[in-house]
Each structure stands twice: as structure tokens, then as C-alpha cells.
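I have placed the structure first, in the form of C-alpha cells, so that the comments after it can refer back to it.
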Amino acid sequence: MGFLNRTQAIFAATAALVLVGALVFRPSARANDPRLPSDGAEVLERLPPRDRAEQARGEARKALAARPDDLQTAVWLARLDIEASRKRADPRYLGQAQAALAPWWDSPSPPEQVLVLRATIRQSLHDFDGALADLDRVIVQAPTDAQAWITRSVVLSVRGRYVEAKASCEPVQRLAPSIVFTICDASVDALTGHASAAFDRIQQSLQAVTTLEMREWALSTLAEIAGRLGRNDDSALLFRQALALDADDAYARAAYADLLLDEGRPKEAAPLLAGRTDNDNLLLRLVLAESALGDSSLDAHAELLAARYDGSRLRGDTVHRREEARFVLGVKHDARAALRLARANWDVQREPWDLRVFLAAAVAAKDAAAATPALTFLDDSHLEDPRIHALAQSLRAMR
Amino acid sequence: MRWRRSPPRAILPLLVAAVLSFALPASAHKSSDSYLTLVVTGTHIDGRWDIALRDLANAIDLDADGNGAITWAELRAREGDVTSYAMSHLGLAADGVQCPLTPHRLRVASHSDGTYAALDFDAACLASPHALGVAYWLFFDIDPQHRGIVRIDDGAGTRTAIFSPRDRQQTFERSALRPMHQLGEAIRLGVEHIFAGIDHLCFLVALLLPSVLVRRGRTGWSPVSRLRPALVDVLKIVTAFTLAHSITLTLSVLEVLHLPSRLVESGIAASVVVVAVNNVFPVLAEDRWAAAFALGLLHGFGFSATLMDLGLPRQNLALTLFGFNVGVEIGQMCVVAAFVPLAYLARRTWLYQRVCLVGGSLAIAGVAGLWLVERAFGVKL
């Protein structure tokens with residue numbers, strides 16, 4: 001063969017292939033590269049719809065601009081902002097709520113209303129200690145503030161301080177209608193070995209609930225407790241009922257998707273999540289489902305999600321660590337990195353999923369010792385959840 | 001995101017005067033950020049500032065027709081307001097003296113959480129700054145959770161800083177790196193990379209193992225009689241490898257070529273397997289320099305990933321590339337210098353011919369095979 005022998009020919013071909021491959025995969029443009037749109041009608045961004053809530057925010061904003069030092073106007077706007085943030089699962093509104101409260105925010109003794117709002121904003125940004133400090137002040141200054149007691153119970157419960165969380169529900173019995181107390185109290189019970197009784201209590205009170213939103217909330221809470229009891233079929237049915245009442249409840253949707261993923265039904269989970277990729281938590285479930293299905297959109301979606309986590313990290317946020325740990329474990333298959341994230345997350349929040357991610361990462365990393373704090377917590381809390389106990393079992397077997 | 005969900009707003013009427021829901025919002029989105037890049041060259045600063053349209057829309061009405069969608073035409077119509085708003089919330093100073101800012105053009109850029117306005121501007125300073133002062137207060141009045149993510153590249157190094165309402169002013173001392181220093185640094189990186197990257201070492205060793213032997217028949221080997229042909233052989237191999245990886249390294253750092261990292265990493269592992277297996281079951285003739293060249297092309301992409309990860313300064317790129325290649329070559333020569341004399345002395349022994357060559361090659365092939373599976377399928381073995 002002329003001046004090339006067989007080997008040289010083979011390698012020349014390999015070299016040519018590498019170069020051709022590189023040219024094929026040549027990046028068209030990197031994601032963040034600026035561009036000049038050619039069409040003036042191109043839609044660059046969609047703003048939140050101008051619904052009634054948005055109009056109310058606009059009015060409140062105008063009123064506050066006229067009198068920026070008026071406490072009642074500021075509180076009014078901040079509440080609307082926090083409400084919008086909850087509804088759209090978007091923390092941008094929290095910053096705007098904080099801006100409305102700016103004249104009182106850094107004061108050494110803010111008014112009680114501001115303290116409650118500040119605690120709500122702080123806990124949403126995962127500053128749980130700051131939130132608790134604010135709430136502790138409120139319950140001393142205004143011990144009849146049912147709102148403060150309940151919020152405090154929720155935050156304590158997120159921190160895994162169940163005895164205090166339950167105690168914080170106690171005063172609510174005298175300060176608010178009984179159903180509010182039932183919800184507060186049963187929610188803690190459901191995490192501390194009394195899930196079955198808590199389920200029954202909430203189910204009984206459900207009959208007295210007439211408003212749609214309240215009912216939807218109770219249903220998805222029941223759905224979660226059912227899952228914790230291993231009653232997956234009940235759980236799925238309750239989630240579907242909850243979503244039928246409010247299809248926009250991203251929380252219930254994510255939890256339902258988790259249940260389907262647990263049951264090995266990614267084919268049913270994916271359509272629940274498609275088209276909702278602007279929500280990071282739903283995008284995570286979609287990526288997990290696509291990973292299980294070997295879907296062709298997996299790479300693009302995983303890259304988008306990784307970019308979102310990178311963006312959060314760049315600004316110094318740590319609020320996504322639990323979800324990122326799931327992503328790194330389930331999609332990137334990097335057990336050590338997932339364990340690092342899950343452990344750091346565990347220092348801050350201790351909800352069932354925090355525990356589960358921590359244990360799952362430790363199992364994958366074959367590092368039972370790393371999960372000791374989580375195992376101890378599980379024993380002490382008496383949390384019921386077959387999925388979590390199965391993980392704990394495999395870790396104990398490793399030791 | 002907060003996991004446990006809070007009761008809905010409908011509980012409000014139940015809670016007499018406490019009006020507010022327990023609203024514990026779940027944040028499933030990123031908070032507001034802007035991305036500012038400053039490239040300092042002497043007295044001149046080139047700036048690019050990416051600001052989310054959603055954030056800008058809170059300060060400037062960008063949705064002229066009120067239909068909830070911001071179009072390019074609507075943004076362009078407010079270009080003057082957008083640039084002057086941005087420019088009036090940023091200050092740059094060289095050693096305490098303000099550098100006036102001049103906006104150039106407005107484009108758009110996609111980020112993971114939406115479309116951003118991408119603003120090009122520059123700043124002219126009176127003197128080349130030893131200490132660059134940056135004052136940033138964009139959106140802090142309307143969203144105290146906003147953060148400015150600022151990257152500064154002064155030709156010698158890149159730094160990132162986060163600006164917040166509590167941290168509005170920061171000063172950056174000029175990087176201590178001078179060109180000679182930068183060259184030295186790049187060489188050091190290259191050397192380090194050879195010794196840190198076990199896969200490159202394995203590849204090199206697998207290529208070098210047969211260099212003190214000549215093939216006899218299909219499976220046999222006989223020792224070379226003199227050192228000189230062995231050395232020539234080695235020199236050809238190492239040079240071909242260096243030449244090849246320099247080419248792809250340069251092209252990919254310059255962003256002319258790009259291969260997905262999974263493909264590159266898997267390919268490198270595969271190349272080690274091929275070369276090692278070939279030592280035992282020859283399918284390729286003895287022109288191992290050709291193999292070194294072809295596979296070197298692949299390894300160059302791997303080197304470039306390393307170099308990119310280190311946040312390469314964009315200036316003096318040629319110097320950095322040159323230094324890194326020199327470093328890689330020095331590292332390889334160290335391996336050669338340590339390996340060839342020993343191998344030459346041991347070449348006649350059964351130990352070398354059977355254990356080192358056959359056993360060593362198989363061991364390398366086995367390990368590289370594991371890497372290949374791990375990298376290609378994304379699993380951890």
C-alpha cells in the first residue's frame with residue numbers, strides 16, 4: 001500500500017476520525033454567549049401574568065412609594081410579595097418583600113409584625129437560626145400571636161427538634177380554631193412514630209374543611225403520611241385528588257413524582273413534569289425520570305439543571321443542597337460528591353427527604369460511618385418510612 | 001426548597017387577626033443575580049454585564065404593550081434607559097480615581113434561569129490600576145437578595161467576587177503574576193499534569209515497554225543489541241505524541257475544536273487499552289510513533305480540559321499554551337529518563353520480557369479497561 005503500511009494507515013484513519021469528530025461536535029455557541037436577535041418580535045422573556053394578585057401588588061407598591069415609612073402599607077406589600085413567592089416558588093419576591101420592610105429590617109427592635117415577616121423570609125432562605133431568633137422574640141412580646149407559634153413549630157420541625165415543635169403547637173389550641181391545632185400537632189406526630197394516628201386525625205378533620213385550598217393542602221399532607229406508612233396506593237390516590245383541586249401545586253406534584261419514581265413508574269412520572277422545567281424541583285424529577293427511561297432529552301435537561309445549581313453556588317446559596325445531592329447521586333453517579341452535599345445539608349435541615357438522601361448517598365459511597373448522625377437521628381425520632389428504613393438496614397449491614 | 005409544605009392561604013380566615021398565612025415559600029428558582037466580567041488591560045477595562053430581564057423589568061417598564069412578554073423590539077426601544085440605569089449603579093476606580101464608563105451595545109444572552117440583557121461597555125482609567133476599586137449597588141434598593149457576581153481578569157489571573165448590600169465596595173489588588181512568572185507557572189502545571197494524570201503515565205509506559213526489544217515472529221521478542229536504535233525509537237514516539245497533543249490542545253483551547261469530555265475521557269482510556277494489549281497480542285506493526293501521534297490527538301483534548309478547569313487567563317494565551325506543552329514534554333522526558341536506562345539494562349532478562357512487558361501490559365490494559373467502562377457508562381466500579 002504505497003508509502004503507508006497497514007498500521008500507519010489504521011492510525012492515520014483514527015487521527016482523521018478524531019479530527020472529523022471534533023469538527024462535528026464543534027460548539028455552535030456557548031450557552032451564555034451574547035447574541036443580537038434579528039427579529040424585533042422575538043419574545044425574550046415572559047413576565048408573571050398580571051392576575052389579580054399581581055394587580056394588588058402593583059397597587060401596594062404604588063402606595064408604599066408614596067409613603068415608604070408607613071408600616072401598615074409596607075407590611076401589606078410584604079405579605080403580598082411573600083404570598084407571590086409561595087405561589088410561584090420564586091425567591092425573587094422574597095427580596096422584594098425585604099425591600100418593602102427596609103426601614104425596619106435592620107432596626108434593633110423591629111415591630112412584631114415585621115419580626116414575623118422577617119422570620120418567614122429568613123426561613124425561606126434557609127436561615128433557620130435567624131428565623132427562630134425572630135420568632136422567639138415575637139412569642140415573648142406577643143404570646144397570643146398564633147401565627148408565630150405555628151411558624152415556629154414548622155421551623156423547629158424542619159430542624160428535627162420535634163419535642164419543641166410539638167410544644168409550640170400547644171398554645172395554638174387556645175388561640176385558633178381546633179382544626180389549626182390538629183394540623184400543627186398531627187404534623188409533628190407524623191414524623192415521630194405516630195404517623196397512623198396522625199393520618200386518622202387529619203382525615204377526620206378533613207370532613208369539616210370546606211375551603212378548596214385547605215382541602216387540597218390536607219389531602220397532600222395525607223398523601224405524604226400514607227407514603228411514609230408504606231401505603232403507596234392510598235398515597236398515589238390522595239396526590240391525584242390533591243392535584244385535581246390545584247394543578248399548580250408544585251409541591252404536591254414533585255412529591256407525587258417521587259412516589260412514582262420510587263415505584264419504578266418513570267413513564268408515568270415524566271408527563272406530570274414535562275413543560276414545567278422552569279421549576280428546579282420539578283426539573284430534577286424530570287431528569288430522574290428521563291434517566292430511568294434513557295430518554296433523549298436527558299442530557300439537555302441535566303445540563304440545564306447543573307447550570308442552575310452552579311448558578312446558585314456562584315452566588316453563595318446553599319438552599320439546593322438536598323436536591324443537588326439527589327441529582328449528583330442519581331444522574332451523575334458520583335456517590336462521594338453526593339455524600340458531601342447531603343452531609344452539609346443535614347447540618348441545616350432534617351426533614352425525611354434530607355435523611356433519605358443522606359442515607360442513600362452513604363449506601364452508594366459504601367460509607368456507613370459517615371451516616372452515623374443520620375442513623376442516630378432515625379432511632380431517636382422513630383420516624384416511620386419503609387424506604388428510609390431499608391437504606392438504614394443496608395448501612396447497618398455494612399458495619 | 002423547603003420540603004415540608006406550609007398550610008395554604010385559605011387558612012387565613014381561621015387565624016383571626018394574624019392575617020398572614022404561615023406562608024413558608026418554597027424557592028424552586030434561583031434568586032436574582034447579575035454577571036459582570038471585567039477584563040483589565042493597562043488603563044483600559046472591557047466590561048460585559050449580564051442582567052436578567054425579569055429584574056430590569058422591575059425597575060424599568062420593558063413590557064410596553066403590557067402583554068406579559070418582553071420582545072426584542074420592546075427592549076431595544078428602552079436601550080438608553082437600560083444602559084443608563086445599569087451604568088448609574090456601578091463605579092470603577094483605578095487607585096482611587098474614577099474611571100468613566102462608556103456603554104457600547106446591548107445584546108441578549110441566555111442563562112439557565114432566563115434571558116438576560118448583555119451590555120458591553122468600557123472604562124478608561126487615567127492610570128493602569130494597581131488596585132481596582134469596584135462599587136456595585138444594582139437592584140439593592142428593590143431586592144436586597146440580589147447578588148452581583150463579578151469576575152475580574154487582569155491578564156495574569158481571574159478572580160470572582162460576590163457583591164451584596166452589605167458588601168457594595170471591594171478592592172482588587174492586581175495579580176502578582178508577570179509574564180515570566182506566568183510561563184513558569186504554565187510549565188509547572190504541565191509537568192504536574194503528567195504525574196498527576198495516571199492515565200497519561202500508563203499510556204506512556206505502555207508505549208515505552210517494548211522500546212528496548214524488537215519483535216521476533218508473532219509473539220516473541222528479542223533484545224535490541226545497541227542503545228541507539230532504542231533511543232531513536234523512544235524519541236520518535238515521544239515527539240509524535242507531543243506534536244499531536246499540542247495540536248489538539250491548542251485548537252481546543254482556542255475553541256476551534258471541541259469534543260464532549262465523556263468521549264475524550266473514554267477515548268483516552270480506550271487508547272491505553274489498545275496500546276497495552278498490542279504489546280502482548282500484536283495487531284499493529286512496529287510503527288508505534290504513528291499510534292502515539294493518532295492517540296496523542298485525543299490526549300490533547302484531555303489536557304485542554306485540565307487547562308480550562310484552571311481558569312486560564314485569556315491574555316498571553318500563547319505563552320500559557322507554550323509553557324504547558326513544554327511542561328508536559330519535560331514530564332514525559334523525566335519518565336523516559338527514568339525508564340529507558342533501567343529497561344535497557346534489564347532487557348535480556350526473563351523478568352523484563354515476561355513479567356514487565358507481558359504482565360505489566362496486561363495489568364495496564366485491565367485498569368484502563370475499568371476506566372473505559374466507568375467513563376463510557378458513567379458508573380463507578
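Chain labels run A, B, ... following the order of the C-alpha cells; each chain numbers its residues from 1, and ligands are numbered from 1 in the order shown.
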
* Would you list the contacts of A:Ala337 as a list in words, taking every protein, DNA or RNA residue within 10 Å and counting only C-alpha atoms, but skipping same-chain residues closer than 4 positions in sequence? => Glu324, Ala325, Val328, Leu329, Lys332, His333, Leu341, Ala342, Arg343, Ala361 and Ala365 of chain A

* **Which of stretch 106-355 of chain A DSSP labels alpha helix (DSSP H), written as a ChimeraX atom specification** => /A:112-124,128-141,146-158,162-169,172-175,178-189,195-206,212-228,232-245,250-262,266-273,280-293,298-314,321-330,335-346,352-355

* To do: Skip stretch 180-195 of chain A itself and residues of its chain fewer than 6 positions away, then list as a list of chain:residue names all residues within 7 Å of it, counting only C-alpha atoms.
  =>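 That gives A:Ile150, A:Ser157, A:Tyr162, A:Ala165, A:Lys166, A:Cys169, A:Val172, A:Gln173, A:Ile202, A:Ile225, A:Leu229, A:Ser381, A:His382, A:Leu383, A:Glu384.
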
* Counting only C-alpha atoms, what is within 12 Å of B:Phe377, bar same-chain residues fewer than 3 positions away, as a list in words? ->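 My list of contacting residues is Val331, Lys332 and His333 of chain A; Arg262, Leu263, Glu265, Ser266, Leu370, Trp371, Leu372, Val373, Glu374, Lys380 and Leu381 of chain B.
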
Can those selected residues be exported to a file as an mmCIF file, in the first residue's frame so that it contains N, CA and C atoms?
data_model
loop_
_atom_site.group_PDB
_atom_site.id
_atom_site.type_symbol
_atom_site.label_atom_id
_atom_site.label_comp_id
_atom_site.auth_asym_id
_atom_site.auth_seq_id
_atom_site.Cartn_x
_atom_site.Cartn_y
_atom_site.Cartn_z
ATOM 1 N N VAL A 331 -28.007 10.948 38.851
ATOM 2 C CA VAL A 331 -27.733 11.192 37.435
ATOM 3 C C VAL A 331 -26.237 11.181 37.140
ATOM 4 N N LYS A 332 -25.459 11.816 38.018
ATOM 5 C CA LYS A 332 -24.013 11.870 37.799
ATOM 6 C C LYS A 332 -23.308 10.639 38.381
ATOM 7 N N HIS A 333 -24.009 9.897 39.228
ATOM 8 C CA HIS A 333 -23.456 8.687 39.844
ATOM 9 C C HIS A 333 -22.147 8.951 40.586
ATOM 10 N N ARG B 262 -16.872 13.293 27.930
ATOM 11 C CA ARG B 262 -17.071 11.861 28.151
ATOM 12 C C ARG B 262 -16.408 11.055 27.035
ATOM 13 N N LEU B 263 -16.541 11.560 25.811
ATOM 14 C CA LEU B 263 -15.945 10.899 24.661
ATOM 15 C C LEU B 263 -14.427 10.924 24.773
ATOM 16 N N GLU B 265 -12.533 11.357 27.512
ATOM 17 C CA GLU B 265 -12.038 10.562 28.629
ATOM 18 C C GLU B 265 -12.136 9.066 28.312
ATOM 19 N N SER B 266 -13.253 8.666 27.697
ATOM 20 C CA SER B 266 -13.395 7.254 27.317
ATOM 21 C C SER B 266 -12.354 6.896 26.265
ATOM 22 N N LEU B 370 -11.186 -0.872 32.982
ATOM 23 C CA LEU B 370 -12.131 -0.435 34.011
ATOM 24 C C LEU B 370 -12.471 1.042 33.836
ATOM 25 N N TRP B 371 -11.429 1.841 33.589
ATOM 26 C CA TRP B 371 -11.694 3.278 33.366
ATOM 27 C C TRP B 371 -12.644 3.462 32.207
ATOM 28 N N LEU B 372 -12.379 2.690 31.173
ATOM 29 C CA LEU B 372 -13.190 2.835 29.964
ATOM 30 C C LEU B 372 -14.662 2.602 30.278
ATOM 31 N N VAL B 373 -14.934 1.519 31.021
ATOM 32 C CA VAL B 373 -16.322 1.221 31.367
ATOM 33 C C VAL B 373 -16.894 2.340 32.235
ATOM 34 N N GLU B 374 -16.104 2.758 33.232
ATOM 35 C CA GLU B 374 -16.570 3.809 34.143
ATOM 36 C C GLU B 374 -16.906 5.084 33.389
ATOM 37 N N LYS B 380 -19.512 3.841 38.577
ATOM 38 C CA LYS B 380 -18.342 3.782 39.452
ATOM 39 C C LYS B 380 -18.113 2.321 39.778
ATOM 40 N N LEU B 381 -16.959 1.803 39.381
ATOM 41 C CA LEU B 381 -16.706 0.384 39.665
ATOM 42 C C LEU B 381 -15.871 0.242 40.927
#

* To do: Rank nothing, just name the residue among A:Val287, A:Leu117, A:Ala371, A:Leu238 nearest to chain B, using only C-alpha atoms.
  =>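 Using only C-alpha atoms, chain B sits closest to A:Leu117.
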
* **From B:Val283, B:Leu208, B:Val326, B:Ala240, residue lying nearest chain A [only C-alpha atoms]** =>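 When distances to chain A are compared using only C-alpha atoms, the smallest one comes from B:Val283.
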
* Within stretch 122-157 of chain B, find each residue whose DSSP state, derived from the backbone, is strand (DSSP E), and express the selection as a list in words. =>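 Restricting stretch 122-157 of chain B to strand (DSSP E) produces Asp122, Ala123, Ala124, Ala131, Leu132, Gly133, Val134, Ala135, Tyr136, Arg147, Gly148, Ile149, Val150, Arg151, Ile152 and Asp153 of chain B.
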
* Select, from B:Leu251, B:Ala292, B:Ala186, B:Gly267, the residue with the minimum atom-to-atom distance to B:Asn325, counting only C-alpha atoms. =>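 Answer, going by the shortest atom-to-atom distance: B:Ala186.
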
* Between atom CA of B:Val191 and atom CA of B:Met333, measure the distance and give it in Å to one decimal. =>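 Separation of atom CA of B:Val191 and atom CA of B:Met333: 9.9 Å.
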
* Restricting the calculation to only C-alpha atoms, which member of A:Leu261, A:Val43, A:Val138, A:Leu206 is positioned closest to chain B? ->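 Ranking A:Leu261, A:Val43, A:Val138, A:Leu206 by distance to chain B, first place goes to A:Val43.
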
* Shortest interatomic distance to chain B - which of A:Pro110, A:Gly160, A:Gly264, A:Pro271, counting only C-alpha atoms ->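 Result for the nearest residue to chain B: A:Gly160.
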
* Name all residues at most 8 Å from A:Leu395 (count only C-alpha atoms; drop same-chain ones fewer than 4 positions away) and give them as a PyMOL selection string. => chain A and resi 359+362-363+366-368+391+399

* Find the spatial neighbours of B:Val335, counting only C-alpha atoms, within a cut-off of 12 Å - ignore same-chain residues fewer than 6 positions away - and output them as number ranges by chain. => B: 191, 194-195, 200-209, 234, 238, 328-329, 341-343

Applying 7 Å and only C-alpha atoms, which residues near A:Pro91 remain after dropping the ones on its own chain fewer than 6 positions away? List them as a JSON list (two decimals) with C-alpha atoms, in the first residue's frame.
[["chain", "number", "residue", "atom", "x", "y", "z"],
["A", 85, "SER", "CA", -43.18, 33.85, 46.25],
["B", 27, "SER", "CA", -37.85, 28.52, 46.48],
["B", 29, "HIS", "CA", -35.88, 29.10, 41.43],
["B", 30, "LYS", "CA", -32.63, 30.92, 41.71],
["B", 31, "SER", "CA", -32.68, 34.31, 43.34]]

* To do: Can you work out which one of A:Tyr309, A:Trp149, A:Tyr256, A:Trp105 has the shortest atom-to-atom distance to A:Arg285, counting only C-alpha atoms?
  =>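 Selected residue with least distance to A:Arg285: A:Tyr256.
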